[in-house]
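Undergrad: Could you have a look at this structure, given as structure tokens, before my questions?
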Amino acid sequence: MRVLLTGHQGYLGTVMAPVLAAAGHQVTGLDSGLYASCVLGPAPADPRGLAVDLRDVTPEMLAGVDAVVHLAALSNDPLGSLAPEITHEINHHASTRLARLAKDAGVRRFVYASTCSVYGAQGGDDLVTEDAPLKPVTPYAESKVRVEDDLQDLADDDFSPTSMRNATAFGFSPRLRADIVLNNLVGHAVLTGVVKVLSDGTPWRPLVHAEDIASAAAAILAAPTGVVHTRAFNIGTEANNRTVADIAAAVVDAVPGSELLITGEYGSDPRSYRVDFSRFRVAVPGCEARWTIPEGARELVAAYTRHGLTQHAFDRRFTRLARLADRTAAGELAPDLRLTALQGAR
């Protein structure tokens with residue numbers, strides 16, 4: 001298929017683009033370039049792409065497209081809480097507008113990157129299925145819930161949306177993110193010798209490797225439409241439902257000589273849940289998340305060491321909030337988080 005991949009120059013998009021191309025799809029990217037230069041190691045070979053803010057997509061950009069895989073968003077909870085209005089403008093309104101434009105252009109498949117964060121503070125010991133009540137506790141998660149609802153309203157026989165409720169991502173990408181839990185803990189351990197946990201370590205987190213998310217998206221595109229039409233799928237594996245303390249212990253094992261420090265200064269995070277991933281395994285047989293947390297920790301240690309990760313890059317280039325602050329200070333980013341280099345193209 002002719003696939004438009006939004007956010008192709010982001011953490012997940014950089015991993016997903018070659019996976020979709022290897023599956024035989026003709027991939028075109030769409031990205032504002034906000035994090036395009038956040039590269040660790042050799043620069044990735046990006047597909048041809050459109051340099052545009054998600055809010056400024058035009059109908060012509062969807063012409064001839066068979067499927068959209070929509071990753072682009074202001075990602076993570078701290079960023080969403082800092083700028084909730086802009087988070088909803090981009091993550092909700094611009095995403096829904098993209099879906100409407102896609103439908104009007106005759107795009108038949110729309111794969112949406114949602115998140116397990118939509119489950120929020122669940123409580124209890126049962127594994128959370130896709131039928132659980134959605135309890136988002138952050139603007140980021142709220143925006144994802146609203147887009148899922150809007151996609152349901154847009155769906156018909158000619159427009160088939162699917163929502164991927166991805167677990168928290170981990171693993172190496174040439175466009176690294178250091179502000180997600182495993183990547184962050186490994187970075188601190190490699191750079192300082194300390195695996196530092198600021199919470200009390202008790203919250204449960206479901207994790208999934210970036211490559212497994214990419215493989216799941218490719219599998220959804222390959223699946224018969226009727227199997228995935230209007231459905232939401234948790235993406236990950238029960239084996240990676242772990243407490244933050246368990247995740248930290250895996251990092252200690254992966255970084256020789258490191259020590260674990262649980263400060264508890266942030267207390268207990270209310271976002272605690274374990275997730276059931278069986279619906280996707282049943283619907284799309286043969287596509288299962290394969291990366292374990294210890295394997296991911298070892299991969300990250302090797303990549304950080306091989307590419308010479310520095311403390312400054314870890315703290316500034318690969319941390320979303322810090323990167324936006326630096327680009328704003330440099331005059332590269334407007335108050336609405338549009339890149340000034342793209343202003344003339346609007």
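Residues are referred to by chain and number: the chain letter is A, B, ... according to the order shown in the structure tokens, the number counts from 1 in that chain, and ligands are numbered separately from 1 in the order shown.
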What's around A:Leu339 at 10 Å? Count only C-alpha atoms, leave out sequence neighbours fewer than 2 positions away in its own chain, and write the answer as a list of chain:residue names.

TA: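 That gives A:Ser32, A:Gly33, A:Leu34, A:Val52, A:Asp53, A:Arg327, A:Thr328, A:Gly331, A:Glu332, A:Leu333, A:Ala334, A:Pro335, A:Asp336, A:Leu337, A:Ala341, A:Leu342, A:Gln343.
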
Undergrad: Looking only at the backbone, which of the residues in stretch 211-312 of chain A does DSSP tag as strand (DSSP E), as number ranges by chain?

TA: A: 232-235, 241-243, 259-262

Undergrad: Could you list, as a list in words, every residue within 6 Å of stretch 192-208 of chain A, counting only C-alpha atoms and ignoring same-chain residues fewer than 6 positions away?

TA: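 Surrounding residues, per the criterion: Ala167, Thr168, Ala169, Leu185, Gly236, Asn240, Asn241, Arg242, Thr243, Val244, Ala245, Ser258, Glu259, Leu260, Leu261, Ile262, Thr263, Gly264, Glu265, Tyr266, Gly267, Ser268, Ser272 and Tyr273 of chain A.
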
Undergrad: Please write the residues from the selection above to a file, keeping N, CA and C atoms, as a CSV table (one decimal), in the first residue's frame.

TA:
```
chain,number,residue,atom,x,y,z
A,167,ALA,N,1.7,-0.1,25.0
A,167,ALA,CA,2.3,0.0,26.3
A,167,ALA,C,3.5,1.0,26.2
A,168,THR,N,4.1,1.4,27.3
A,168,THR,CA,5.2,2.3,27.3
A,168,THR,C,6.3,1.8,26.5
A,169,ALA,N,6.8,2.5,25.6
A,169,ALA,CA,7.9,2.1,24.7
A,169,ALA,C,9.2,2.0,25.4
A,185,LEU,N,16.3,5.0,32.9
A,185,LEU,CA,17.0,4.3,33.9
A,185,LEU,C,18.3,3.8,33.4
A,236,GLY,N,1.6,-5.1,23.3
A,236,GLY,CA,2.6,-5.5,24.3
A,236,GLY,C,2.6,-6.9,24.6
A,240,ASN,N,5.9,-8.3,30.2
A,240,ASN,CA,6.5,-7.0,30.4
A,240,ASN,C,5.7,-6.1,31.3
A,241,ASN,N,4.7,-6.7,32.0
A,241,ASN,CA,4.0,-6.0,33.1
A,241,ASN,C,4.9,-6.1,34.3
A,242,ARG,N,5.5,-5.0,34.7
A,242,ARG,CA,6.4,-5.1,35.8
A,242,ARG,C,6.3,-3.8,36.6
A,243,THR,N,6.6,-3.9,37.9
A,243,THR,CA,6.7,-2.7,38.7
A,243,THR,C,7.9,-1.9,38.3
A,244,VAL,N,7.9,-0.6,38.7
A,244,VAL,CA,9.1,0.2,38.4
A,244,VAL,C,10.3,-0.3,39.1
A,245,ALA,N,10.2,-0.9,40.3
A,245,ALA,CA,11.3,-1.4,41.0
A,245,ALA,C,11.8,-2.7,40.3
A,258,SER,N,26.6,-1.1,38.7
A,258,SER,CA,25.6,0.0,39.1
A,258,SER,C,24.9,-0.4,40.4
A,259,GLU,N,24.3,0.6,41.0
A,259,GLU,CA,23.6,0.4,42.2
A,259,GLU,C,22.2,1.0,42.1
A,260,LEU,N,21.3,0.4,42.8
A,260,LEU,CA,19.9,0.8,42.8
A,260,LEU,C,19.6,1.8,43.9
A,261,LEU,N,19.0,2.9,43.6
A,261,LEU,CA,18.6,3.9,44.6
A,261,LEU,C,17.1,4.3,44.4
A,262,ILE,N,16.3,3.9,45.3
A,262,ILE,CA,14.9,4.3,45.2
A,262,ILE,C,14.6,5.4,46.3
A,263,THR,N,14.5,6.6,45.8
A,263,THR,CA,14.4,7.7,46.7
A,263,THR,C,13.0,7.9,47.3
A,264,GLY,N,11.9,7.5,46.5
A,264,GLY,CA,10.6,7.7,47.0
A,264,GLY,C,10.1,9.1,47.1
A,265,GLU,N,10.9,10.1,46.6
A,265,GLU,CA,10.6,11.5,46.8
A,265,GLU,C,9.3,11.9,46.1
A,266,TYR,N,8.9,11.2,45.0
A,266,TYR,CA,7.7,11.5,44.3
A,266,TYR,C,6.5,10.7,44.8
A,267,GLY,N,6.7,9.8,45.8
A,267,GLY,CA,5.7,9.0,46.4
A,267,GLY,C,5.2,7.9,45.4
A,268,SER,N,4.0,7.5,45.6
A,268,SER,CA,3.4,6.5,44.8
A,268,SER,C,2.6,7.1,43.6
A,272,SER,N,-1.1,3.2,37.8
A,272,SER,CA,-0.6,1.8,38.0
A,272,SER,C,-1.6,0.8,37.5
A,273,TYR,N,-1.1,0.0,36.6
A,273,TYR,CA,-2.0,-1.0,36.0
A,273,TYR,C,-1.2,-2.1,35.3
```

Undergrad: So which residues touch A:Ser163 within 6 Å, counting only C-alpha atoms, skipping near sequence neighbours fewer than 3 positions away, as a PyMOL selection string?

TA: chain A and resi 112+114+232

Undergrad: Looking at only C-alpha atoms, which of A:Phe172, A:Trp291, A:Phe233, A:Tyr119 is the one that sits closest to A:His307?

TA: A:Phe172

Undergrad: Rounded to one decimal place, report the atom CA of A:Glu89-atom CA of A:Ala141 distance in Å.

TA: 13.5 Å

Undergrad: Quick one: everything within 10 Å of A:Ile180, counting only C-alpha atoms, minus sequence neighbours fewer than 4 positions away in the same chain. Send it as a list in words.

TA: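 In the requested form, the answer reads Asn76, Thr168, Ala169, Phe170, Gly171, Leu176, Asn184, Leu185, Thr319 and Arg320 of chain A.
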
Undergrad: Can you spit out the residues from that selection as an mmCIF file, in the first residue's frame, using N, CA and C atoms?

TA:
```
data_model
loop_
_atom_site.group_PDB
_atom_site.id
_atom_site.type_symbol
_atom_site.label_atom_id
_atom_site.label_comp_id
_atom_site.auth_asym_id
_atom_site.auth_seq_id
_atom_site.Cartn_x
_atom_site.Cartn_y
_atom_site.Cartn_z
ATOM 1 N N ASN A 76 4.231 12.376 25.712
ATOM 2 C CA ASN A 76 4.512 12.147 27.131
ATOM 3 C C ASN A 76 3.720 13.081 28.052
ATOM 4 N N THR A 168 4.063 1.371 27.328
ATOM 5 C CA THR A 168 5.173 2.325 27.344
ATOM 6 C C THR A 168 6.346 1.766 26.549
ATOM 7 N N ALA A 169 6.805 2.549 25.582
ATOM 8 C CA ALA A 169 7.853 2.061 24.679
ATOM 9 C C ALA A 169 9.212 2.035 25.367
ATOM 10 N N PHE A 170 10.060 1.159 24.863
ATOM 11 C CA PHE A 170 11.463 1.137 25.274
ATOM 12 C C PHE A 170 12.292 0.658 24.095
ATOM 13 N N GLY A 171 13.604 0.712 24.254
ATOM 14 C CA GLY A 171 14.502 0.201 23.234
ATOM 15 C C GLY A 171 15.200 1.293 22.452
ATOM 16 N N LEU A 176 16.668 8.864 19.622
ATOM 17 C CA LEU A 176 16.465 8.376 20.974
ATOM 18 C C LEU A 176 15.507 9.261 21.768
ATOM 19 N N ASN A 184 15.459 5.784 30.262
ATOM 20 C CA ASN A 184 15.963 6.748 31.220
ATOM 21 C C ASN A 184 16.799 6.075 32.307
ATOM 22 N N LEU A 185 16.292 4.988 32.853
ATOM 23 C CA LEU A 185 17.011 4.296 33.917
ATOM 24 C C LEU A 185 18.350 3.758 33.424
ATOM 25 N N THR A 319 15.711 14.540 25.771
ATOM 26 C CA THR A 319 14.609 14.724 26.709
ATOM 27 C C THR A 319 13.670 15.764 26.126
ATOM 28 N N ARG A 320 12.412 15.390 25.926
ATOM 29 C CA ARG A 320 11.492 16.208 25.155
ATOM 30 C C ARG A 320 11.326 17.625 25.701
#
```

Undergrad: Which one of A:Thr340, A:Thr14, A:Thr129, A:Thr115 sits closest to A:Val147 if you count only C-alpha atoms?

TA: A:Thr115

Undergrad: Give the answer as one residue: which of A:Leu151, A:Ala21, A:Gly10, A:Thr58 has the shortest atom-to-atom distance to A:Ser37, using only C-alpha atoms?

TA: A:Gly10

Undergrad: Counting only C-alpha atoms, which of A:Glu299, A:Thr305, A:Arg109, A:Ala330 gets nearest to A:Asn183?

TA: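 For A:Asn183, the nearest of the given residues is A:Glu299.
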
Undergrad: Please, what distance in Å, to one decimal, runs between atom CA of A:Gly29 and atom CA of A:Ala322?

TA: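 Here the two named atoms are 25.0 Å from each other.
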